[in-house]
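Engineer: Below is the file query-v9.txt, with compact mmCIF, C-alpha atoms.
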# COMPACT_ATOMS: atom_id res chain seq x y z
CA MET Q 1 0.50 -66.29 64.84
CA LEU Q 2 1.70 -66.60 61.24
CA LEU Q 3 0.76 -62.95 60.67
CA ALA Q 4 1.95 -61.68 64.07
CA ALA Q 5 5.54 -62.83 63.51
CA PRO Q 6 6.09 -60.95 60.24
CA VAL Q 7 4.40 -57.85 61.65
CA PHE Q 8 6.67 -57.99 64.71
CA ALA Q 9 9.74 -58.47 62.52
CA LEU Q 10 8.77 -55.65 60.16
CA CYS Q 11 8.18 -53.32 63.12
CA VAL Q 12 11.64 -54.12 64.53
CA VAL Q 13 13.28 -53.54 61.15
CA ALA Q 14 11.35 -50.29 60.66
CA GLY Q 15 12.35 -49.15 64.14
CA VAL Q 16 16.03 -49.83 63.53
CA LEU Q 17 15.87 -48.10 60.16
CA ALA Q 18 14.16 -45.04 61.69
CA GLY Q 19 16.73 -44.92 64.49
CA GLU Q 20 19.66 -45.15 62.12
CA LEU Q 21 18.20 -42.45 59.87
CA ALA Q 22 17.55 -40.19 62.87
CA GLY Q 23 21.22 -40.25 63.86
CA ALA Q 24 22.53 -39.54 60.41
CA ALA Q 25 22.91 -35.74 60.39
CA VAL Q 26 26.44 -34.39 59.92
CA GLU Q 27 26.87 -30.69 60.46
CA GLY Q 28 29.49 -28.28 61.72
CA PRO Q 29 32.42 -26.35 60.30
CA VAL Q 30 34.97 -29.12 60.83
CA ARG Q 31 34.07 -32.65 59.77
CA ARG Q 32 36.12 -35.79 60.15
CA ALA Q 33 35.86 -39.20 58.57
CA PRO Q 34 38.01 -42.21 59.46
CA LEU Q 35 39.84 -44.04 56.69
CA GLU Q 36 37.85 -47.23 56.86
CA VAL Q 37 35.58 -49.43 54.81
CA ARG Q 38 32.49 -50.40 56.80
CA ARG Q 39 30.88 -53.67 55.70
CA VAL Q 40 27.58 -55.18 56.76
CA GLY Q 41 29.26 -58.52 57.44
CA ASP Q 42 31.59 -56.96 60.00
CA HIS Q 43 28.62 -55.95 62.16
CA LEU Q 44 26.38 -59.02 61.90
CA PRO Q 45 26.28 -61.72 64.58
CA ARG Q 46 27.94 -64.50 62.55
CA ALA Q 47 26.34 -67.63 64.03
CA LEU Q 48 22.81 -66.20 64.10
CA GLY Q 49 23.24 -64.63 60.68
CA ARG Q 50 24.27 -67.95 59.10
CA THR Q 51 21.45 -69.78 60.87
CA VAL Q 52 18.82 -67.30 59.69
CA ALA Q 53 20.17 -67.33 56.12
CA GLY Q 54 20.08 -71.13 56.09
CA LEU Q 55 16.53 -71.22 57.45
CA ALA Q 56 15.39 -68.63 54.88
CA VAL Q 57 16.75 -70.79 52.05
CA LEU Q 58 15.09 -73.84 53.63
CA LEU Q 59 11.75 -72.03 53.91
CA LEU Q 60 11.81 -70.84 50.31
CA GLY Q 61 12.81 -74.31 49.11
CA LEU Q 62 10.09 -75.97 51.16
CA LEU Q 63 7.48 -73.51 49.89
CA ALA Q 64 8.58 -74.21 46.31
CA VAL Q 65 8.16 -77.96 46.83
CA THR Q 66 4.81 -77.72 48.62
CA SER Q 67 3.51 -75.29 45.98
CA ALA Q 68 4.58 -77.57 43.14
CA THR Q 69 2.90 -80.63 44.72
CA ALA Q 70 -0.31 -78.96 45.91
CA SER Q 71 -3.76 -79.70 44.60
CA ALA Q 72 -7.27 -78.39 45.12
CA ASP Q 73 -9.07 -79.40 48.32
CA ASP Q 74 -12.39 -81.22 48.45
CA LEU Q 75 -14.20 -77.92 47.82
CA GLY Q 76 -12.21 -77.32 44.68
CA ARG Q 77 -10.08 -74.50 46.10
CA GLY Q 78 -6.64 -74.66 44.50
CA GLY Q 79 -3.30 -74.85 46.34
CA ARG Q 80 -4.61 -76.04 49.68
CA ALA Q 81 -4.22 -79.81 49.84
CA LEU Q 82 -1.93 -82.69 48.92
CA ALA Q 83 -3.68 -85.21 46.64
CA TYR Q 84 -2.52 -88.81 46.55
CA ARG Q 85 -3.47 -91.98 44.74
CA CYS Q 86 -2.90 -95.52 46.03
CA GLY Q 87 -3.25 -97.78 43.01
CA ALA Q 88 -6.40 -97.68 40.90
CA GLN Q 89 -8.91 -97.89 43.72
CA LEU Q 90 -7.90 -95.50 46.48
CA SER Q 91 -7.18 -91.80 46.25
CA GLY Q 92 -7.62 -88.85 48.52
CA ALA Q 93 -6.29 -85.50 49.64
CA VAL Q 94 -4.82 -84.32 52.93
CA GLY Q 95 -4.49 -80.83 54.19
CA PRO Q 96 -3.86 -78.16 55.05
CA TRP Q 97 -0.91 -78.22 52.67
CA ALA Q 98 1.23 -75.16 51.95
CA GLY Q 99 0.28 -74.79 48.31
CA SER Q 100 0.09 -71.51 46.46
CA TYR Q 101 -2.88 -70.35 48.55
CA TYR Q 102 -0.57 -70.17 51.58
CA SER Q 103 2.90 -70.04 50.05
CA VAL Q 104 2.48 -66.99 47.80
CA PRO Q 105 1.49 -64.58 50.61
CA LEU Q 106 4.11 -66.12 52.91
CA ALA Q 107 6.84 -65.73 50.30
CA ALA Q 108 5.71 -62.16 49.56
CA VAL Q 109 5.90 -61.20 53.24
CA LEU Q 110 9.27 -62.91 53.52
CA VAL Q 111 10.69 -61.05 50.51
CA VAL Q 112 9.34 -57.70 51.75
CA GLY Q 113 10.80 -58.33 55.20
CA LEU Q 114 14.20 -59.37 53.87
CA LEU Q 115 14.32 -56.35 51.53
CA GLY Q 116 13.50 -54.10 54.48
CA ALA Q 117 16.20 -55.80 56.51
CA GLY Q 118 18.66 -55.22 53.69
CA LEU Q 119 17.80 -51.52 53.64
CA ALA Q 120 18.18 -51.27 57.41
CA LEU Q 121 21.56 -53.03 57.37
CA ARG Q 122 22.77 -50.77 54.57
CA GLN Q 123 21.82 -47.75 56.65
CA VAL Q 124 23.57 -49.28 59.69
CA VAL Q 125 26.91 -49.14 57.88
CA ARG Q 126 26.24 -45.92 55.97
CA ARG Q 127 25.23 -43.85 58.98
CA PRO Q 128 27.97 -41.26 59.52
CA ARG Q 129 30.40 -41.62 62.38
CA ALA Q 130 29.51 -39.60 65.45
CA GLY Q 131 33.19 -38.98 66.19
CA THR Q 132 36.66 -40.15 65.22
CA THR Q 133 38.34 -40.46 68.62
CA PRO Q 134 39.13 -44.08 69.62
CA ALA Q 135 36.46 -44.02 72.36
CA ALA Q 136 33.81 -42.62 70.01
CA LEU Q 137 34.63 -45.26 67.38
CA VAL Q 138 34.26 -48.06 69.96
CA ASP Q 139 30.89 -46.69 71.14
CA ASP Q 140 29.68 -46.19 67.59
CA ASP Q 141 30.68 -49.70 66.54
CA ALA Q 142 28.80 -51.11 69.53
CA VAL Q 143 25.63 -49.25 68.49
CA ARG Q 144 25.99 -50.52 64.92
CA ARG Q 145 26.47 -54.11 66.08
CA ARG Q 146 23.41 -53.79 68.33
CA SER Q 147 21.30 -52.53 65.41
CA ALA Q 148 22.57 -55.25 63.08
CA ALA Q 149 21.85 -57.91 65.72
CA ALA Q 150 18.28 -56.63 66.17
CA VAL Q 151 17.68 -56.76 62.42
CA THR Q 152 19.16 -60.28 62.22
CA GLY Q 153 17.02 -61.45 65.14
CA ALA Q 154 13.92 -59.93 63.53
CA CYS Q 155 14.71 -61.80 60.31
CA GLY Q 156 15.01 -64.95 62.39
CA VAL Q 157 11.50 -64.42 63.76
CA LEU Q 158 10.28 -63.59 60.25
CA VAL Q 159 11.61 -66.90 58.95
CA ALA Q 160 11.34 -69.31 61.90
CA VAL Q 161 7.62 -68.90 62.66
CA PRO Q 162 6.32 -69.51 59.11
CA LEU Q 163 8.85 -72.31 58.66
CA ALA Q 164 7.66 -73.97 61.86
CA GLY Q 165 4.06 -73.67 60.67
CA VAL Q 166 4.79 -75.06 57.21
CA ALA Q 167 6.98 -77.86 58.63
CA LEU Q 168 4.29 -78.86 61.14
CA THR Q 169 1.38 -78.86 58.69
CA SER Q 170 3.41 -80.56 55.96
CA GLY Q 171 4.68 -83.25 58.34
CA VAL Q 172 1.18 -83.98 59.67
CA ALA Q 173 -0.25 -84.01 56.13
CA LEU Q 174 2.39 -86.44 54.89
CA LEU Q 175 1.66 -88.79 57.80
CA GLY Q 176 -2.01 -88.65 56.78
CA VAL Q 177 -1.28 -90.21 53.39
CA ASP Q 178 -2.54 -93.79 53.64
CA CYS Q 179 -0.07 -95.40 51.27
CA ARG Q 180 2.92 -93.15 51.78
CA ALA Q 181 6.35 -94.19 50.62
CA ALA Q 182 9.24 -94.65 53.03
CA TRP Q 183 10.81 -91.38 51.93
CA GLN Q 184 7.56 -89.57 52.66
CA THR Q 185 7.56 -90.96 56.20
CA ALA Q 186 11.18 -89.92 56.60
CA ALA Q 187 10.39 -86.44 55.28
CA ALA Q 188 7.44 -86.12 57.63
CA VAL Q 189 9.55 -87.13 60.64
CA ALA Q 190 12.31 -84.72 59.61
CA LEU Q 191 9.82 -81.86 59.21
CA LEU Q 192 8.23 -82.56 62.59
CA ALA Q 193 11.66 -82.84 64.22
CA LEU Q 194 12.51 -79.44 62.78
CA VAL Q 195 9.74 -77.76 64.79
CA PRO Q 196 11.41 -77.89 68.25
CA VAL Q 197 14.65 -76.72 66.65
CA LEU Q 198 12.79 -73.75 65.21
CA VAL Q 199 11.26 -73.00 68.60
CA ALA Q 200 14.78 -72.89 70.04
CA VAL Q 201 15.92 -70.60 67.21
CA LEU Q 202 12.90 -68.41 67.92
CA GLY Q 203 13.99 -68.12 71.56
CA TRP Q 204 17.52 -67.25 70.41
CA CYS Q 205 16.19 -64.52 68.12
CA ALA Q 206 13.89 -63.14 70.82
CA ALA Q 207 16.85 -62.97 73.23
CA VAL Q 208 18.85 -61.03 70.63
CA VAL Q 209 16.04 -58.61 69.75
CA LEU Q 210 14.85 -58.18 73.33
CA PRO Q 211 17.83 -58.78 75.63
CA PRO Q 212 16.81 -59.22 79.31
CA GLY Q 213 17.16 -55.86 81.02
CA GLY Q 214 18.34 -54.42 77.75
CA GLN Q 215 18.34 -50.69 77.24
CA PRO Q 216 17.92 -48.95 73.91
CA ALA Q 217 21.27 -48.29 72.30
CA ARG Q 218 22.28 -44.65 72.71
CA LEU Q 219 23.84 -43.11 69.70
CA PRO Q 220 26.85 -40.89 70.37
CA VAL Q 221 25.83 -37.32 69.63
CA ALA Q 222 27.63 -35.68 66.72
CA PRO Q 223 28.73 -32.06 67.09
CA ARG Q 224 26.33 -29.67 65.46
CA GLY Q 225 26.95 -26.27 63.97
CA PRO Q 226 26.35 -24.28 60.81
CA ALA Q 227 24.54 -25.69 57.81
CA ALA Q 228 25.81 -28.62 55.76
CA LEU Q 229 28.12 -28.05 52.80
CA MET C 1 39.41 -48.29 64.97
CA SER C 2 42.49 -46.88 63.29
CA ALA C 3 45.49 -44.87 64.45
CA ARG C 4 45.67 -43.24 61.05
CA PRO C 5 44.69 -39.60 60.82
CA PRO C 6 41.07 -39.08 59.80
CA LEU C 7 40.13 -37.16 56.68
CA LEU C 8 39.20 -33.60 57.49
CA VAL C 9 36.97 -31.12 55.69
CA VAL C 10 36.74 -27.53 56.92
CA ALA C 11 33.58 -25.83 55.72
CA ASP C 12 34.98 -22.32 56.30
CA ASP C 13 38.07 -23.00 54.20
CA PRO C 14 37.97 -21.23 50.81
CA THR C 15 39.50 -24.36 49.27
CA PRO C 16 36.66 -26.47 47.82
CA PRO C 17 35.93 -29.67 49.78
CA TYR C 18 36.86 -31.93 46.85
CA GLU C 19 40.29 -30.27 46.71
CA GLN C 20 40.77 -30.57 50.48
CA LEU C 21 40.06 -34.28 50.19
CA ARG C 22 42.23 -34.71 47.10
CA ARG C 23 45.18 -33.06 48.79
CA GLN C 24 44.88 -35.16 51.96
CA LEU C 25 44.51 -38.43 50.08
CA THR C 26 47.46 -37.54 47.85
CA GLU C 27 49.57 -36.90 50.94
CA LEU C 28 48.43 -40.14 52.62
CA ILE C 29 49.23 -42.19 49.52
CA GLY C 30 52.52 -40.40 48.89
CA ALA C 31 53.64 -40.92 52.48
CA GLY C 32 52.73 -44.60 52.32
CA VAL C 33 50.02 -44.37 55.00
CA LEU C 34 47.63 -45.78 52.42
CA ALA C 35 49.46 -48.78 50.97
CA ALA C 36 49.24 -50.04 47.40
CA GLY C 37 46.10 -52.12 46.90
CA GLU C 38 44.42 -50.80 50.02
CA ARG C 39 40.73 -50.03 49.61
CA LEU C 40 39.48 -46.49 50.07
CA PRO C 41 36.13 -45.78 51.76
CA PRO C 42 33.18 -46.20 49.39
CA LEU C 43 31.89 -42.97 47.83
CA ARG C 44 28.55 -42.92 49.64
CA GLN C 45 30.06 -43.84 52.99
CA LEU C 46 32.71 -41.11 52.83
CA ALA C 47 30.20 -38.54 51.54
CA GLY C 48 27.84 -39.44 54.38
CA ASP C 49 30.57 -39.28 57.03
CA LEU C 50 31.64 -35.82 55.87
CA GLY C 51 28.18 -34.46 55.06
CA LEU C 52 29.18 -33.89 51.44
CA ALA C 53 27.36 -34.62 48.20
CA VAL C 54 28.35 -37.93 46.62
CA GLY C 55 29.40 -36.00 43.51
CA THR C 56 31.94 -34.04 45.53
CA VAL C 57 33.71 -37.19 46.71
CA ALA C 58 33.33 -38.70 43.24
CA ARG C 59 35.18 -35.70 41.79
CA THR C 60 38.01 -36.22 44.27
CA TYR C 61 38.28 -39.89 43.31
CA ARG C 62 38.13 -39.04 39.59
CA GLU C 63 41.02 -36.63 39.93
CA LEU C 64 43.07 -39.10 41.95
CA GLU C 65 42.37 -41.75 39.33
CA ALA C 66 43.41 -39.38 36.55
CA ALA C 67 46.64 -38.76 38.45
CA GLY C 68 47.27 -42.52 38.59
CA LEU C 69 47.10 -42.67 42.38
CA ILE C 70 44.01 -44.87 42.65
CA VAL C 71 42.18 -47.39 40.49
CA SER C 72 38.53 -48.42 40.42
CA PRO C 73 38.22 -51.89 38.94
CA ARG C 74 34.62 -52.88 38.22
CA GLY C 75 33.08 -54.36 41.35
CA GLY C 76 36.30 -54.11 43.31
CA GLY C 77 35.86 -50.79 45.05
CA THR C 78 38.39 -47.99 44.85
CA ARG C 79 41.94 -48.97 45.69
CA VAL C 80 45.34 -47.36 45.87
CA ALA C 81 47.18 -48.00 42.61
CA ALA C 82 49.75 -50.79 42.73
CA ALA C 83 52.88 -48.92 41.75
CA GLN C 84 53.43 -45.75 43.70
CA PRO C 85 56.75 -43.94 43.24
CA ALA C 86 58.49 -43.72 46.58
CA MET C 87 58.99 -40.16 47.79
CA SER C 88 62.65 -39.26 47.51
CA VAL C 89 64.59 -37.87 50.46
CA ASP C 90 65.10 -34.57 48.62
CA ARG C 91 61.39 -34.33 47.89
CA ARG C 92 60.47 -35.13 51.50
CA GLN C 93 62.92 -32.51 52.80
CA GLY C 94 61.66 -29.97 50.28
CA LEU C 95 58.08 -30.47 51.44
CA LEU C 96 59.14 -30.23 55.08
CA ARG C 97 60.97 -26.95 54.42
CA ALA C 98 57.97 -25.55 52.54
CA GLN C 99 55.71 -26.37 55.49
CA ALA C 100 58.20 -24.80 57.91
CA GLU C 101 58.42 -21.64 55.81
CA ALA C 102 54.61 -21.38 55.74
CA TYR C 103 54.48 -21.75 59.52
CA VAL C 104 57.20 -19.13 60.10
CA ARG C 105 55.47 -16.71 57.72
CA GLN C 106 52.16 -17.05 59.55
CA ALA C 107 53.90 -16.65 62.91
CA ARG C 108 55.69 -13.49 61.72
CA LEU C 109 52.36 -12.05 60.59
CA LEU C 110 51.12 -12.62 64.13
CA GLY C 111 54.11 -10.65 65.45
CA ALA C 112 55.95 -13.59 67.03
CA ASP C 113 59.73 -13.41 67.51
CA ASP C 114 62.17 -16.31 66.92
CA GLY C 115 61.92 -17.54 70.50
CA GLN C 116 58.15 -17.61 70.46
CA ILE C 117 58.13 -19.37 67.09
CA LEU C 118 60.49 -22.08 68.37
CA SER C 119 58.66 -22.55 71.67
CA ALA C 120 55.31 -22.91 69.89
CA ALA C 121 56.78 -25.57 67.59
CA GLN C 122 58.39 -27.37 70.54
CA ALA C 123 55.10 -27.30 72.45
CA VAL C 124 53.35 -28.92 69.50
CA LEU C 125 56.11 -31.54 69.22
CA ARG C 126 55.76 -32.39 72.91
CA SER C 127 51.97 -32.78 72.67
CA ALA C 128 51.99 -34.79 69.42
Kindly return the structure encoded in the file as structure tokens.

Structural biologist:
Amino acid sequence: MLLAAPVFALCVVAGVLAGELAGAAVEGPVRRAPLEVRRVGDHLPRALGRTVAGLAVLLLGLLAVTSATASADDLGRGGRALAYRCGAQLSGAVGPWAGSYYSVPLAAVLVVGLLGAGLALRQVVRRPRAGTTPAALVDDDAVRRRSAAAVTGACGVLVAVPLAGVALTSGVALLGVDCRAAWQTAAAVALLALVPVLVAVLGWCAAVVLPPGGQPARLPVAPRGPAAL
Amino acid sequence: MSARPPLLVVADDPTPPYEQLRRQLTELIGAGVLAAGERLPPLRQLAGDLGLAVGTVARTYRELEAAGLIVSPRGGGTRVAAAQPAMSVDRRQGLLRAQAEAYVRQARLLGADDGQILSAAQAVLRSA
């Protein structure tokens, strides 16, 4: 599941990028360009975009904390467990814990996915206009918003699934510490309470990426003619 | 969506594309369609929209900047320069007359008489 989500998100981002690149040709003897500045932010779904950005920061922060506090497990494998000590007599380790063994690959996939999303969003705004009539501009803007929404939803899947996994395992591990402090209990409860929220966000992202009865966006066809200048 | 006229590049025109763009942007700024401080399309976006090399659009922007019509502060995009001299009435009328003379000359070359020249202009005015 932790691997399936990033693969799904990367496939969506790659598909959007390929689609935007495929519609980028500008040819013909007479070419028109509107006097406009196209920005990524103008095409993103604001609420979902802010939610995904916040969750990405939360995931990276959580991975940093779990990596910094991780220890070796009982087999001596580093970055897999949370060691604790209760006074001089009692000590132990709970896991799985998102130490470097888990967090480094997760962070790497996250960074690759977000870089890919950035490339796709850049292409969404850089793709040439398919026409400059008011109707063509409206259609073209709708296609761009659809692409940007799909990329944002894919990023949501990319972030929400690993975050849910890390929150769940970290919360359970913290509750397994015999002599945990009050703040550790509070953190565990907060992490476990985050899981259903992330499931809801995942549903939101899925609805954006795969709208019920949704059809692939159709790019307005640009006029073609003699070779490019 | 904008009601402003789009930028146009004609591949068959012997005038180089950078000059076509420079002329149009100069006219748009001079006529006040592009206001002082307004941001121009980014180089790569405009080059992509028109199917031109980025260097072609960059040359247009360089020449406009050298003429004092636009400025490119670091990190702030390319914007219309703050102080643009307003086009005088005499200058505006002079340009209008020059355009009219060019139209009449072309029409004469096509063999049109005065009536045909006027009706063609009126037809364009009605459809604009």

Engineer: Quick one: residues within 12 Å of Pro42 in chain C, only C-alpha atoms, excluding same-chain residues fewer than 2 positions away - as a ChimeraX atom specification?

Structural biologist: /Q:33-39,125-126 /C:39-40,44-49,54,57-58,61,72,75-79

Engineer: Would you write out those residues with C-alpha atoms, as a PDB file, in the coordinates of the input?

Structural biologist:
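Printed below is result-v8.pdb as written:
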ATOM      1  CA  ALA Q  33      35.860 -39.200  58.570  1.00  0.00           C
ATOM      2  CA  PRO Q  34      38.010 -42.210  59.460  1.00  0.00           C
ATOM      3  CA  LEU Q  35      39.840 -44.040  56.690  1.00  0.00           C
ATOM      4  CA  GLU Q  36      37.850 -47.230  56.860  1.00  0.00           C
ATOM      5  CA  VAL Q  37      35.580 -49.430  54.810  1.00  0.00           C
ATOM      6  CA  ARG Q  38      32.490 -50.400  56.800  1.00  0.00           C
ATOM      7  CA  ARG Q  39      30.880 -53.670  55.700  1.00  0.00           C
ATOM      8  CA  VAL Q 125      26.910 -49.140  57.880  1.00  0.00           C
ATOM      9  CA  ARG Q 126      26.240 -45.920  55.970  1.00  0.00           C
TER      10      ARG Q 126
ATOM     11  CA  ARG C  39      40.730 -50.030  49.610  1.00  0.00           C
ATOM     12  CA  LEU C  40      39.480 -46.490  50.070  1.00  0.00           C
ATOM     13  CA  ARG C  44      28.550 -42.920  49.640  1.00  0.00           C
ATOM     14  CA  GLN C  45      30.060 -43.840  52.990  1.00  0.00           C
ATOM     15  CA  LEU C  46      32.710 -41.110  52.830  1.00  0.00           C
ATOM     16  CA  ALA C  47      30.200 -38.540  51.540  1.00  0.00           C
ATOM     17  CA  GLY C  48      27.840 -39.440  54.380  1.00  0.00           C
ATOM     18  CA  ASP C  49      30.570 -39.280  57.030  1.00  0.00           C
ATOM     19  CA  VAL C  54      28.350 -37.930  46.620  1.00  0.00           C
ATOM     20  CA  VAL C  57      33.710 -37.190  46.710  1.00  0.00           C
ATOM     21  CA  ALA C  58      33.330 -38.700  43.240  1.00  0.00           C
ATOM     22  CA  TYR C  61      38.280 -39.890  43.310  1.00  0.00           C
ATOM     23  CA  SER C  72      38.530 -48.420  40.420  1.00  0.00           C
ATOM     24  CA  GLY C  75      33.080 -54.360  41.350  1.00  0.00           C
ATOM     25  CA  GLY C  76      36.300 -54.110  43.310  1.00  0.00           C
ATOM     26  CA  GLY C  77      35.860 -50.790  45.050  1.00  0.00           C
ATOM     27  CA  THR C  78      38.390 -47.990  44.850  1.00  0.00           C
ATOM     28  CA  ARG C  79      41.940 -48.970  45.690  1.00  0.00           C
TER      29      ARG C  79
END

Engineer: Counting all atoms listed in the file, which residues from chain Q have an atom at most 12 Å from any atom of chain C, and could you show them as a ChimeraX atom specification?

Structural biologist: /Q:21,23-39,122-142,222,224-229

Engineer: Contacts of Gln184 in chain Q at 12 Å or less, counting all atoms listed in the file, minus same-chain residues fewer than 3 places along, as a list in words?

Structural biologist: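 With the cut-off at 12 Å, the set is Tyr84, Ser170, Gly171, Val172, Ala173, Leu174, Leu175, Gly176, Val177, Asp178, Cys179, Arg180, Ala181, Ala187, Ala188, Val189, Ala190 and Leu191 of chain Q.
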
Engineer: Each residue of range 87-135 of chain Q with at least one atom at most 9 Å from range 150-156 of chain Q should appear once, together with its nearest atom pair and the corresponding distance in Å (one decimal); atoms considered: all atoms listed in the file; ordering: chain, then increasing residue number; output as a Markdown table.

Structural biologist:
| residue | atom | partner | partner_atom | distance |
| --- | --- | --- | --- | --- |
| Q:Leu110 | CA | Q:Cys155 | CA | 8.8 |
| Q:Gly113 | CA | Q:Cys155 | CA | 7.3 |
| Q:Leu114 | CA | Q:Cys155 | CA | 6.9 |
| Q:Ala117 | CA | Q:Val151 | CA | 6.2 |
| Q:Gly118 | CA | Q:Val151 | CA | 8.9 |
| Q:Ala120 | CA | Q:Val151 | CA | 7.4 |
| Q:Leu121 | CA | Q:Val151 | CA | 7.4 |

Engineer: Find, counting only C-alpha atoms, the residue in C:Thr15, C:Val124, C:Gln99, C:Ile70 that gets nearest to Ala82 in chain C.

Structural biologist: C:Ile70

Engineer: So the first atom is CA of Asp74 in chain Q and the second is CA of Leu168 in chain Q; what is the distance between them in Å, to one decimal place?

Structural biologist: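 For CA of Asp74 in chain Q relative to CA of Leu168 in chain Q, the distance reads 21.1 Å.
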
Engineer: Interatomic distance between CA of Leu63 in chain Q and CA of Ala98 in chain Q?

Structural biologist: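 Distance between the two atoms: 6.8 Å.
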
Engineer: Distance CA of Tyr18 in chain C-CA of Ser88 in chain C, one decimal place?

Structural biologist: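 Going from CA of Tyr18 in chain C over to CA of Ser88 in chain C covers 26.8 Å.
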